[in-house]
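Here is entry.json, consisting of JSON, C-alpha atoms:
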```json
[["chain", "number", "residue", "atom", "x", "y", "z"],
["A", 1, "MET", "CA", 0.00, 0.00, 0.00],
["A", 2, "LEU", "CA", 1.11, 3.42, -0.82],
["A", 3, "ASP", "CA", 1.60, 5.74, 2.04],
["A", 4, "VAL", "CA", 0.40, 9.17, 1.09],
["A", 5, "GLN", "CA", 1.89, 11.91, 3.11],
["A", 6, "GLN", "CA", 1.18, 15.54, 2.87],
["A", 7, "PRO", "CA", 4.39, 17.42, 2.40],
["A", 8, "PRO", "CA", 5.24, 19.90, 5.11],
["A", 9, "ARG", "CA", 4.33, 23.48, 4.28],
["A", 10, "ILE", "CA", 6.50, 26.51, 4.57],
["A", 11, "PHE", "CA", 5.15, 30.02, 4.39],
["A", 12, "ARG", "CA", 7.68, 32.44, 3.04],
["A", 13, "ILE", "CA", 7.14, 36.09, 3.85],
["A", 14, "GLU", "CA", 9.23, 39.22, 3.50],
["A", 15, "HIS", "CA", 10.20, 40.57, 6.90],
["A", 16, "ASP", "CA", 12.64, 43.46, 7.42],
["A", 17, "GLY", "CA", 13.62, 43.23, 3.76],
["A", 18, "LYS", "CA", 14.64, 39.58, 4.01],
["A", 19, "PRO", "CA", 12.72, 36.36, 3.28],
["A", 20, "LEU", "CA", 11.50, 34.57, 6.39],
["A", 21, "ASP", "CA", 10.23, 31.01, 6.29],
["A", 22, "LEU", "CA", 7.44, 30.38, 8.78],
["A", 23, "THR", "CA", 6.57, 26.91, 9.99],
["A", 24, "ASP", "CA", 3.15, 25.51, 9.25],
["A", 25, "PRO", "CA", 1.22, 26.20, 12.48],
["A", 26, "ASN", "CA", -1.29, 23.44, 11.84],
["A", 27, "PRO", "CA", -1.53, 21.18, 8.76],
["A", 28, "ALA", "CA", -5.27, 21.33, 9.15],
["A", 29, "PHE", "CA", -5.29, 25.09, 8.58],
["A", 30, "GLY", "CA", -6.15, 26.43, 5.18],
["A", 31, "ILE", "CA", -4.02, 29.15, 3.64],
["A", 32, "LYS", "CA", -6.34, 31.88, 4.82],
["A", 33, "GLU", "CA", -6.35, 30.49, 8.34],
["A", 34, "VAL", "CA", -2.56, 30.42, 8.33],
["A", 35, "ILE", "CA", -2.45, 33.99, 7.06],
["A", 36, "GLY", "CA", -4.98, 35.03, 9.71],
["A", 37, "HIS", "CA", -2.98, 33.29, 12.43],
["A", 38, "TYR", "CA", 0.35, 34.84, 11.46],
["A", 39, "SER", "CA", -1.03, 38.27, 10.59],
["A", 40, "VAL", "CA", -1.20, 39.02, 14.32],
["A", 41, "MET", "CA", 2.59, 38.92, 14.34],
["A", 42, "TYR", "CA", 3.24, 40.01, 10.76],
["A", 43, "PRO", "CA", 0.54, 42.47, 9.69],
["A", 44, "GLN", "CA", 2.21, 42.94, 6.30],
["A", 45, "ILE", "CA", 0.87, 39.55, 5.10],
["A", 46, "THR", "CA", -2.77, 40.51, 5.49],
["A", 47, "ASN", "CA", -3.09, 41.27, 1.79],
["A", 48, "TYR", "CA", -2.24, 37.77, 0.63],
["A", 49, "SER", "CA", -3.98, 36.64, -2.46],
["A", 50, "ALA", "CA", -4.58, 32.98, -3.24],
["A", 51, "GLY", "CA", -3.64, 33.41, -6.89],
["A", 52, "LYS", "CA", 0.03, 32.51, -6.47],
["A", 53, "GLU", "CA", 0.83, 28.82, -6.75],
["A", 54, "PRO", "CA", 3.06, 27.09, -4.18],
["A", 55, "PHE", "CA", 6.23, 25.29, -5.22],
["A", 56, "PHE", "CA", 8.41, 22.51, -3.92],
["A", 57, "GLU", "CA", 11.74, 23.27, -2.29],
["A", 58, "ASN", "CA", 13.78, 20.69, -0.32],
["A", 59, "ASP", "CA", 10.77, 18.33, -0.05],
["A", 60, "CYS", "CA", 8.65, 21.16, 1.33],
["A", 61, "LEU", "CA", 5.75, 22.97, -0.19],
["A", 62, "VAL", "CA", 6.58, 26.66, -0.18],
["A", 63, "TYR", "CA", 3.91, 29.30, -0.16],
["A", 64, "GLU", "CA", 5.23, 32.72, -0.99],
["A", 65, "ILE", "CA", 3.18, 35.42, 0.62],
["A", 66, "ASN", "CA", 3.40, 38.79, -0.98],
["A", 67, "SER", "CA", 3.69, 41.39, 1.75],
["A", 68, "VAL", "CA", 3.45, 44.51, -0.42],
["A", 69, "LEU", "CA", 0.34, 46.48, 0.46],
["A", 70, "GLY", "CA", -2.15, 47.00, -2.32],
["A", 71, "GLU", "CA", -0.72, 44.33, -4.62],
["A", 72, "HIS", "CA", -2.30, 41.00, -5.27],
["A", 73, "SER", "CA", -0.13, 38.14, -6.39],
["B", 1, "MET", "CA", 0.34, 32.63, 33.63],
["B", 2, "PHE", "CA", 0.96, 36.36, 33.17],
["B", 3, "VAL", "CA", 2.95, 36.57, 36.41],
["B", 4, "GLU", "CA", 5.28, 33.89, 35.06],
["B", 5, "LEU", "CA", 5.48, 35.61, 31.70],
["B", 6, "PHE", "CA", 6.25, 38.91, 33.42],
["B", 7, "LYS", "CA", 9.26, 37.41, 35.18],
["B", 8, "ARG", "CA", 10.68, 36.08, 31.97],
["B", 9, "MET", "CA", 10.12, 39.01, 29.65],
["B", 10, "ALA", "CA", 12.78, 41.57, 28.80],
["B", 11, "ASP", "CA", 12.05, 45.16, 29.75],
["B", 12, "GLY", "CA", 10.42, 47.02, 26.86],
["B", 13, "ASP", "CA", 9.93, 43.89, 24.77],
["B", 14, "THR", "CA", 6.69, 42.59, 23.31],
["B", 15, "VAL", "CA", 5.59, 38.99, 23.33],
["B", 16, "THR", "CA", 2.96, 38.25, 20.68],
["B", 17, "ILE", "CA", 0.67, 35.27, 21.12],
["B", 18, "ALA", "CA", -1.67, 34.06, 18.40],
["B", 19, "ILE", "CA", -4.22, 31.37, 19.24],
["B", 20, "THR", "CA", -6.30, 29.57, 16.63],
["B", 21, "LYS", "CA", -8.80, 26.90, 17.42],
["B", 22, "LYS", "CA", -9.21, 24.04, 14.98],
["B", 23, "ASP", "CA", -10.65, 20.56, 15.48],
["B", 24, "ALA", "CA", -10.70, 20.71, 19.33],
["B", 25, "LEU", "CA", -7.09, 21.72, 19.39],
["B", 26, "LEU", "CA", -5.53, 25.04, 20.07],
["B", 27, "THR", "CA", -2.65, 26.14, 17.91],
["B", 28, "VAL", "CA", -0.66, 28.68, 19.87],
["B", 29, "SER", "CA", 2.12, 30.66, 18.21],
["B", 30, "VAL", "CA", 4.39, 32.70, 20.45],
["B", 31, "LEU", "CA", 6.66, 35.34, 19.00],
["B", 32, "PRO", "CA", 8.89, 35.95, 22.02],
["B", 33, "THR", "CA", 10.34, 39.30, 20.96],
["B", 34, "LYS", "CA", 9.97, 42.22, 18.59],
["B", 35, "GLN", "CA", 13.46, 43.54, 19.21],
["B", 36, "LEU", "CA", 15.43, 40.64, 17.72],
["B", 37, "LYS", "CA", 15.15, 40.37, 13.98],
["B", 38, "ASN", "CA", 14.18, 37.23, 12.04],
["B", 39, "VAL", "CA", 13.10, 35.34, 15.14],
["B", 40, "LYS", "CA", 10.55, 32.69, 14.22],
["B", 41, "PRO", "CA", 7.50, 32.10, 16.38],
["B", 42, "LEU", "CA", 7.25, 29.13, 18.70],
["B", 43, "ILE", "CA", 4.31, 26.90, 17.80],
["B", 44, "ILE", "CA", 2.47, 24.74, 20.32],
["B", 45, "LYS", "CA", -0.47, 22.62, 19.32],
["B", 46, "SER", "CA", -2.42, 20.98, 22.12],
["B", 47, "GLY", "CA", -5.65, 20.88, 24.06],
["B", 48, "ALA", "CA", -6.74, 23.71, 26.28],
["B", 49, "ALA", "CA", -6.22, 21.90, 29.59],
["B", 50, "GLU", "CA", -2.75, 20.77, 28.63],
["B", 51, "LEU", "CA", -1.86, 24.26, 27.61],
["B", 52, "ASP", "CA", -3.04, 25.68, 30.95],
["B", 53, "ALA", "CA", -0.86, 23.20, 32.79],
["B", 54, "GLY", "CA", 2.29, 23.31, 30.72],
["B", 55, "PHE", "CA", 2.31, 26.44, 28.56],
["B", 56, "ILE", "CA", 4.77, 28.41, 30.70],
["B", 57, "ASP", "CA", 7.11, 25.45, 31.07],
["B", 58, "ALA", "CA", 7.01, 24.89, 27.32],
["B", 59, "ILE", "CA", 8.00, 28.47, 26.47],
["B", 60, "ASP", "CA", 10.22, 29.05, 29.54],
["B", 61, "LYS", "CA", 13.57, 28.29, 27.97],
["B", 62, "ILE", "CA", 12.85, 30.14, 24.76],
["B", 63, "VAL", "CA", 11.50, 33.29, 26.40],
["B", 64, "THR", "CA", 14.33, 33.39, 28.98],
["B", 65, "THR", "CA", 16.96, 32.93, 26.30],
["B", 66, "VAL", "CA", 15.42, 35.65, 24.19],
["B", 67, "SER", "CA", 15.16, 38.09, 27.09],
["B", 68, "GLU", "CA", 18.83, 37.48, 27.92],
["B", 69, "LYS", "CA", 19.77, 38.17, 24.33],
["B", 70, "VAL", "CA", 17.61, 41.26, 24.25],
["B", 71, "THR", "CA", 19.27, 42.63, 27.38],
["B", 72, "ALA", "CA", 22.65, 41.67, 25.96],
["B", 73, "LEU", "CA", 21.81, 43.69, 22.90],
["B", 74, "THR", "CA", 21.27, 46.80, 24.97],
["B", 75, "ILE", "CA", 24.66, 46.36, 26.59],
["B", 76, "GLU", "CA", 26.25, 46.21, 23.15],
["B", 77, "ASN", "CA", 24.45, 49.38, 22.29],
["B", 78, "GLU", "CA", 25.94, 51.00, 25.33],
["B", 79, "ASP", "CA", 29.38, 50.18, 23.97],
["B", 80, "ASP", "CA", 28.44, 51.73, 20.63],
["B", 81, "VAL", "CA", 27.18, 54.81, 22.39],
["B", 82, "LYS", "CA", 30.40, 55.06, 24.39],
["B", 83, "GLN", "CA", 32.41, 54.76, 21.18],
["B", 84, "SER", "CA", 30.39, 57.48, 19.54],
["B", 85, "ILE", "CA", 30.98, 59.68, 22.56],
["B", 86, "ASP", "CA", 34.72, 59.05, 22.31],
["B", 87, "ASP", "CA", 34.62, 59.89, 18.60],
["B", 88, "ALA", "CA", 32.76, 63.07, 19.37],
["B", 89, "LYS", "CA", 35.38, 63.98, 21.95],
["B", 90, "ASN", "CA", 38.16, 63.36, 19.45],
["B", 91, "ASN", "CA", 36.40, 65.60, 16.98],
["B", 92, "THR", "CA", 36.13, 68.33, 19.58],
["B", 93, "THR", "CA", 39.83, 68.01, 20.42],
["B", 94, "VAL", "CA", 40.69, 68.31, 16.74],
["B", 95, "LYS", "CA", 38.53, 71.38, 16.53],
["B", 96, "SER", "CA", 40.13, 72.76, 19.65],
["B", 97, "LYS", "CA", 43.54, 72.74, 17.95],
["B", 98, "THR", "CA", 42.20, 75.02, 15.28],
["B", 99, "GLY", "CA", 40.03, 77.04, 17.61],
["B", 100, "SER", "CA", 41.88, 76.78, 20.88],
["B", 101, "LYS", "CA", 40.44, 80.06, 22.09],
["B", 102, "LYS", "CA", 36.99, 78.59, 22.31],
["B", 103, "THR", "CA", 38.03, 75.72, 24.49],
["B", 104, "ALA", "CA", 40.04, 78.02, 26.70],
["B", 105, "THR", "CA", 37.06, 80.26, 27.19],
["B", 106, "GLU", "CA", 34.88, 77.27, 27.87],
["B", 107, "LYS", "CA", 37.23, 76.04, 30.59],
["B", 108, "ALA", "CA", 38.04, 79.42, 32.06],
["B", 109, "PRO", "CA", 34.69, 80.11, 33.74],
["B", 110, "ALA", "CA", 35.02, 77.02, 35.90],
["B", 111, "GLU", "CA", 38.26, 78.12, 37.59],
["B", 112, "PRO", "CA", 37.33, 81.51, 39.07],
["B", 113, "LYS", "CA", 34.29, 80.03, 40.76],
["B", 114, "THR", "CA", 36.40, 77.61, 42.75],
["B", 115, "SER", "CA", 38.96, 80.30, 43.59],
["B", 116, "GLU", "CA", 36.25, 82.72, 44.74],
["B", 117, "VAL", "CA", 34.84, 80.13, 47.05],
["B", 118, "LYS", "CA", 38.21, 79.46, 48.67],
["B", 119, "LEU", "CA", 39.19, 83.12, 49.27],
["B", 120, "THR", "CA", 38.51, 84.40, 52.77],
["B", 121, "LEU", "CA", 37.30, 87.92, 53.49],
["B", 122, "TYR", "CA", 40.83, 88.98, 54.42],
["B", 123, "GLU", "CA", 42.18, 87.55, 51.18],
["B", 124, "THR", "CA", 39.63, 89.45, 49.15],
["B", 125, "LEU", "CA", 40.57, 92.60, 51.09],
["B", 126, "CYS", "CA", 44.24, 92.05, 50.24],
["B", 127, "LYS", "CA", 43.32, 91.50, 46.62],
["B", 128, "ASP", "CA", 41.41, 94.77, 46.49],
["B", 129, "VAL", "CA", 44.02, 96.81, 48.41],
["B", 130, "GLN", "CA", 47.13, 95.44, 46.68],
["B", 131, "PRO", "CA", 46.87, 97.69, 43.59],
["B", 132, "PHE", "CA", 46.83, 100.80, 45.81],
["B", 133, "ILE", "CA", 49.80, 99.54, 47.81],
["B", 134, "ASP", "CA", 51.74, 98.81, 44.62],
["B", 135, "ALA", "CA", 50.97, 102.31, 43.40],
["B", 136, "LYS", "CA", 51.97, 103.66, 46.86],
["B", 137, "ASN", "CA", 48.57, 105.26, 47.19],
["B", 138, "TRP", "CA", 48.72, 104.79, 50.96],
["B", 139, "GLN", "CA", 45.74, 106.94, 51.86],
["B", 140, "GLU", "CA", 43.42, 105.10, 49.52],
["B", 141, "ALA", "CA", 44.66, 101.73, 50.77],
["B", 142, "ILE", "CA", 44.17, 102.78, 54.40],
["B", 143, "SER", "CA", 40.63, 104.01, 53.69],
["B", 144, "LYS", "CA", 39.77, 100.71, 51.97],
["B", 145, "ILE", "CA", 41.05, 98.69, 54.92],
["B", 146, "ASN", "CA", 39.18, 100.85, 57.41],
["B", 147, "ALA", "CA", 35.97, 100.38, 55.41],
["B", 148, "ARG", "CA", 36.30, 96.58, 55.48],
["B", 149, "ILE", "CA", 37.38, 96.09, 59.09],
["B", 150, "PRO", "CA", 33.86, 96.35, 60.62],
["B", 151, "SER", "CA", 32.72, 93.37, 58.52],
["B", 152, "LEU", "CA", 35.64, 91.14, 59.53],
["B", 153, "LYS", "CA", 35.85, 88.77, 62.46],
["B", 154, "GLY", "CA", 38.36, 86.57, 64.21],
["B", 155, "ALA", "CA", 41.55, 85.79, 62.32],
["B", 156, "ASP", "CA", 40.50, 87.92, 59.33],
["B", 157, "LEU", "CA", 40.04, 90.94, 61.63],
["B", 158, "LYS", "CA", 43.44, 90.40, 63.23],
["B", 159, "SER", "CA", 45.16, 90.08, 59.86],
["B", 160, "ALA", "CA", 43.35, 93.18, 58.56],
["B", 161, "LYS", "CA", 44.52, 95.22, 61.56],
["B", 162, "GLU", "CA", 48.09, 94.11, 60.94],
["B", 163, "LEU", "CA", 47.74, 95.11, 57.30],
["B", 164, "LEU", "CA", 46.37, 98.50, 58.37],
["B", 165, "PHE", "CA", 49.30, 99.03, 60.74],
["B", 166, "ASN", "CA", 51.86, 98.11, 58.08],
["B", 167, "THR", "CA", 50.21, 100.35, 55.53],
["B", 168, "GLN", "CA", 50.17, 103.28, 57.92],
["B", 169, "LEU", "CA", 53.83, 102.64, 58.74],
["B", 170, "ALA", "CA", 54.70, 102.61, 55.07],
["B", 171, "LYS", "CA", 52.84, 105.85, 54.65],
["B", 172, "GLN", "CA", 54.85, 107.43, 57.50],
["B", 173, "LYS", "CA", 58.11, 106.28, 55.97],
["B", 174, "SER", "CA", 57.14, 107.63, 52.60],
["B", 175, "MET", "CA", 56.60, 111.07, 54.09],
["B", 176, "PHE", "CA", 60.28, 111.26, 55.14],
["B", 177, "ASP", "CA", 61.81, 109.50, 52.15],
["B", 178, "THR", "CA", 61.62, 110.92, 48.68],
["B", 179, "ASP", "CA", 61.06, 108.68, 45.74],
["B", 180, "ASP", "CA", 64.55, 109.24, 44.33],
["B", 181, "GLU", "CA", 66.35, 108.65, 47.60],
["B", 182, "ALA", "CA", 64.25, 105.62, 48.37],
["B", 183, "ASP", "CA", 65.15, 104.18, 45.02],
["B", 184, "GLU", "CA", 68.80, 104.96, 45.43],
["B", 185, "SER", "CA", 68.96, 103.43, 48.91],
["B", 186, "LYS", "CA", 67.84, 100.12, 47.48],
["B", 187, "LYS", "CA", 70.13, 100.22, 44.46],
["B", 188, "VAL", "CA", 73.86, 99.85, 44.39],
["B", 189, "VAL", "CA", 75.23, 103.21, 43.23],
["B", 190, "ILE", "CA", 78.41, 103.34, 41.34],
["B", 191, "PRO", "CA", 80.20, 106.63, 42.12],
["B", 192, "LYS", "CA", 80.44, 108.87, 39.12],
["B", 193, "ALA", "CA", 83.82, 110.07, 38.02],
["B", 194, "THR", "CA", 84.26, 113.88, 38.13],
["B", 195, "PRO", "CA", 85.61, 115.18, 34.85],
["B", 196, "LYS", "CA", 88.99, 116.93, 35.37],
["B", 197, "MET", "CA", 91.46, 118.33, 32.83],
["B", 198, "GLN", "CA", 94.68, 116.34, 32.85],
["B", 199, "PRO", "CA", 97.77, 116.83, 30.77],
["B", 200, "ASN", "CA", 97.94, 114.61, 27.85],
["B", 201, "PRO", "CA", 101.12, 112.55, 28.11],
["B", 202, "ASN", "CA", 100.80, 111.65, 24.50],
["B", 203, "VAL", "CA", 101.15, 115.15, 23.15],
["B", 204, "ILE", "CA", 104.69, 114.51, 21.82],
["B", 205, "ALA", "CA", 103.55, 111.33, 20.26],
["B", 206, "ASP", "CA", 100.67, 113.20, 18.78],
["B", 207, "LYS", "CA", 103.01, 115.79, 17.39],
["B", 208, "ALA", "CA", 105.30, 113.09, 16.07],
["B", 209, "VAL", "CA", 102.42, 111.55, 14.41],
["B", 210, "ALA", "CA", 101.38, 114.87, 13.06],
["B", 211, "VAL", "CA", 104.80, 115.55, 11.59],
["B", 212, "GLU", "CA", 104.99, 114.42, 8.06],
["B", 213, "MET", "CA", 107.82, 112.16, 7.23],
["B", 214, "PRO", "CA", 110.02, 113.40, 4.48],
["B", 215, "GLU", "CA", 109.71, 111.50, 1.36],
["B", 216, "GLU", "CA", 112.54, 109.12, 0.71],
["B", 217, "GLU", "CA", 114.42, 109.77, -2.42],
["B", 218, "GLU", "CA", 114.32, 106.85, -4.70],
["B", 219, "GLU", "CA", 117.75, 105.67, -5.71],
["B", 220, "GLU", "CA", 118.03, 105.05, -9.30],
["B", 221, "ILE", "CA", 119.08, 101.53, -9.98],
["B", 222, "PRO", "CA", 121.53, 101.37, -12.86],
["B", 223, "VAL", "CA", 120.30, 99.27, -15.68],
["B", 224, "VAL", "CA", 122.77, 96.56, -16.58],
["B", 225, "GLU", "CA", 122.63, 95.58, -20.15],
["B", 226, "ASP", "CA", 125.42, 92.97, -20.33],
["B", 227, "GLU", "CA", 126.56, 90.51, -17.80],
["B", 228, "GLU", "CA", 130.18, 90.81, -18.72],
["B", 229, "GLU", "CA", 130.26, 94.44, -17.82],
["B", 230, "GLN", "CA", 129.02, 93.59, -14.34],
["B", 231, "THR", "CA", 131.79, 91.13, -13.65],
["B", 232, "ASP", "CA", 134.33, 93.70, -14.61],
["B", 233, "ASP", "CA", 132.93, 96.14, -12.13],
["B", 234, "PHE", "CA", 133.15, 93.70, -9.28]]
```

Hey, can you dump this file as structure tokens for me?
Amino acid sequence: MLDVQQPPRIFRIEHDGKPLDLTDPNPAFGIKEVIGHYSVMYPQITNYSAGKEPFFENDCLVYEINSVLGEHS
Amino acid sequence: MFVELFKRMADGDTVTIAITKKDALLTVSVLPTKQLKNVKPLIIKSGAAELDAGFIDAIDKIVTTVSEKVTALTIENEDDVKQSIDDAKNNTTVKSKTGSKKTATEKAPAEPKTSEVKLTLYETLCKDVQPFIDAKNWQEAISKINARIPSLKGADLKSAKELLFNTQLAKQKSMFDTDDEADESKKVVIPKATPKMQPNPNVIADKAVAVEMPEEEEEEIPVVEDEEEQTDDF
């Protein structure tokens, strides 16, 4: 039997001009829930748009969150 | 919980806690500091009761370590501030070489304050009276001393009375001595030679010098043309 595993997620944001990879707080969270959870600490990610596709990096699924206000990825 | 958090937090720092409920579990993210850059949040996922019991213990090490690093950061800043102060001092010393007058004037006001505090009343009296004594204006000096004496007490009064006595004595002496004689008495006087007419022993010599020497007649040297003629003569 094949063992299907969900790859771990990484949420990449821009913080202080540098990329910061945030750990997945809960695999059961959707993207919006993750954004809502982390936006308390990083308000710049509030304007995330679901249009940008995630990509694989080092066996992890990376979600890049655009932190520029007013722009939708 | 907040009492325990309070003990572990660095002064002026902010701990951010985000709690999300999902499927009977609480996902708690703790960002232990805002002062340190690129610090990732601590994530705890558990039930509510377990979190009440063990939340502080779970974040204890992280929060304590962060607060130590935050306080360490301020100490490093103090070193930077001290360095900047030293640089500023060096800049002022460089400027002082070009504009030394400014620094001298800046320092000068501090000194007279300390000296004024140390001077006694008698010393200030001496300071005021000394110019008149140097100028030998005895009457003015005496009147100044007499004006100050009523305000003096104890040792200052005794010293002022002695000064008054000495000034009056100097005044009495000056009435008998003139300025020229007083000066001469202090100086070593070399007696002046009285000009007298004396015979000049060198008169003959002068005359001899004055006499013109007769001119010596030049002997004519015979011109010898041939050598043979000379041998014959000798």

Exercise. For chain B, which residues have at least one atom within 10 Å of chain A, if we go by all atoms listed in the file? Write them as a VMD selection string, please.
Worked result: chain B and resid 15 to 23 25 to 31 34 37 to 45

Could the residues in this selection be written to a file with C-alpha atoms, as a PDB file, in the frame of the given file?
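And here is the file that came out, again15.pdb:
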```pdb
ATOM      1  CA  VAL B  15       5.590  38.990  23.330  1.00  0.00           C
ATOM      2  CA  THR B  16       2.960  38.250  20.680  1.00  0.00           C
ATOM      3  CA  ILE B  17       0.670  35.270  21.120  1.00  0.00           C
ATOM      4  CA  ALA B  18      -1.670  34.060  18.400  1.00  0.00           C
ATOM      5  CA  ILE B  19      -4.220  31.370  19.240  1.00  0.00           C
ATOM      6  CA  THR B  20      -6.300  29.570  16.630  1.00  0.00           C
ATOM      7  CA  LYS B  21      -8.800  26.900  17.420  1.00  0.00           C
ATOM      8  CA  LYS B  22      -9.210  24.040  14.980  1.00  0.00           C
ATOM      9  CA  ASP B  23     -10.650  20.560  15.480  1.00  0.00           C
ATOM     10  CA  LEU B  25      -7.090  21.720  19.390  1.00  0.00           C
ATOM     11  CA  LEU B  26      -5.530  25.040  20.070  1.00  0.00           C
ATOM     12  CA  THR B  27      -2.650  26.140  17.910  1.00  0.00           C
ATOM     13  CA  VAL B  28      -0.660  28.680  19.870  1.00  0.00           C
ATOM     14  CA  SER B  29       2.120  30.660  18.210  1.00  0.00           C
ATOM     15  CA  VAL B  30       4.390  32.700  20.450  1.00  0.00           C
ATOM     16  CA  LEU B  31       6.660  35.340  19.000  1.00  0.00           C
ATOM     17  CA  LYS B  34       9.970  42.220  18.590  1.00  0.00           C
ATOM     18  CA  LYS B  37      15.150  40.370  13.980  1.00  0.00           C
ATOM     19  CA  ASN B  38      14.180  37.230  12.040  1.00  0.00           C
ATOM     20  CA  VAL B  39      13.100  35.340  15.140  1.00  0.00           C
ATOM     21  CA  LYS B  40      10.550  32.690  14.220  1.00  0.00           C
ATOM     22  CA  PRO B  41       7.500  32.100  16.380  1.00  0.00           C
ATOM     23  CA  LEU B  42       7.250  29.130  18.700  1.00  0.00           C
ATOM     24  CA  ILE B  43       4.310  26.900  17.800  1.00  0.00           C
ATOM     25  CA  ILE B  44       2.470  24.740  20.320  1.00  0.00           C
ATOM     26  CA  LYS B  45      -0.470  22.620  19.320  1.00  0.00           C
TER      27      LYS B  45
END
```

Exercise. Mind listing as a list of chain:residue names all residues within 7 Å of (4.2, 39.6, 27.8), counting only C-alpha atoms?
Worked result: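 The distance filter leaves exactly B:Leu5, B:Phe6, B:Met9, B:Thr14, B:Val15.
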
Seminar exercise, completed: CA of Met1 (chain B) to CA of Pro43 (chain A) measures 25.9 Å

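Using all atoms listed in the file, the contacts of region 50-62 of chain A at a cut-off of 7 Å, with sequence neighbours closer than 4 positions omitted, comprise Pro7, Pro8, Arg9, Ile10, Phe11, Arg12 and Ser73 of chain A.
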
For this session: State, in Å with one decimal place, the distance from CA of Ile65 (chain A) to CA of Val70 (chain B).
Result: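 Interatomic distance, CA of Ile65 (chain A) to CA of Val70 (chain B): 28.3 Å.
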
For this session: Using only C-alpha atoms, pick whichever of B:Lys161, B:Lys7, B:Lys69, B:Lys171 has the shortest atom-to-atom distance to Ile133 (chain B).
Result: B:Lys171

For this session: Would you please work out which residue, of A:Glu14, A:Glu64, A:Met1, A:Pro27, is nearest to Tyr42 (chain A) when using all atoms listed in the file?
Result: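 Of the candidates, the smallest distance to Tyr42 (chain A) is held by A:Glu14.
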
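Taking only C-alpha atoms into account, Lys136 (chain B) lies nearest to B:Met175 out of the set B:Val66, B:Ile59, B:Val3, B:Met175.
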
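From CA of Thr65 (chain B) back to CA of Asp52 (chain B), the distance works out to 21.8 Å.
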
Problem set entry | Neighbours of point (43.8, 90.3, 61.7) within 12 Å, using only C-alpha atoms, written as a PyMOL selection string | chain B and resi 120-123+125-126+145+148-166

For this session: Using only C-alpha atoms, find the one residue out of A:Ile13, A:Asp3, A:Gly30, A:Gln44 that sits nearest to Tyr63 (chain A).
Result: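 Closest to Tyr63 (chain A), using only C-alpha atoms: A:Ile13.
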
Please put the answer as JSON: centre and edge lengths, in Å with one decimal, of a box along x, y and z that encloses all listed atoms of region 8-15 of chain A plus 3 Å on each side.
```
{"center_x": 7.3, "center_y": 30.2, "center_z": 5.0, "size_x": 11.9, "size_y": 26.7, "size_z": 9.9}
```
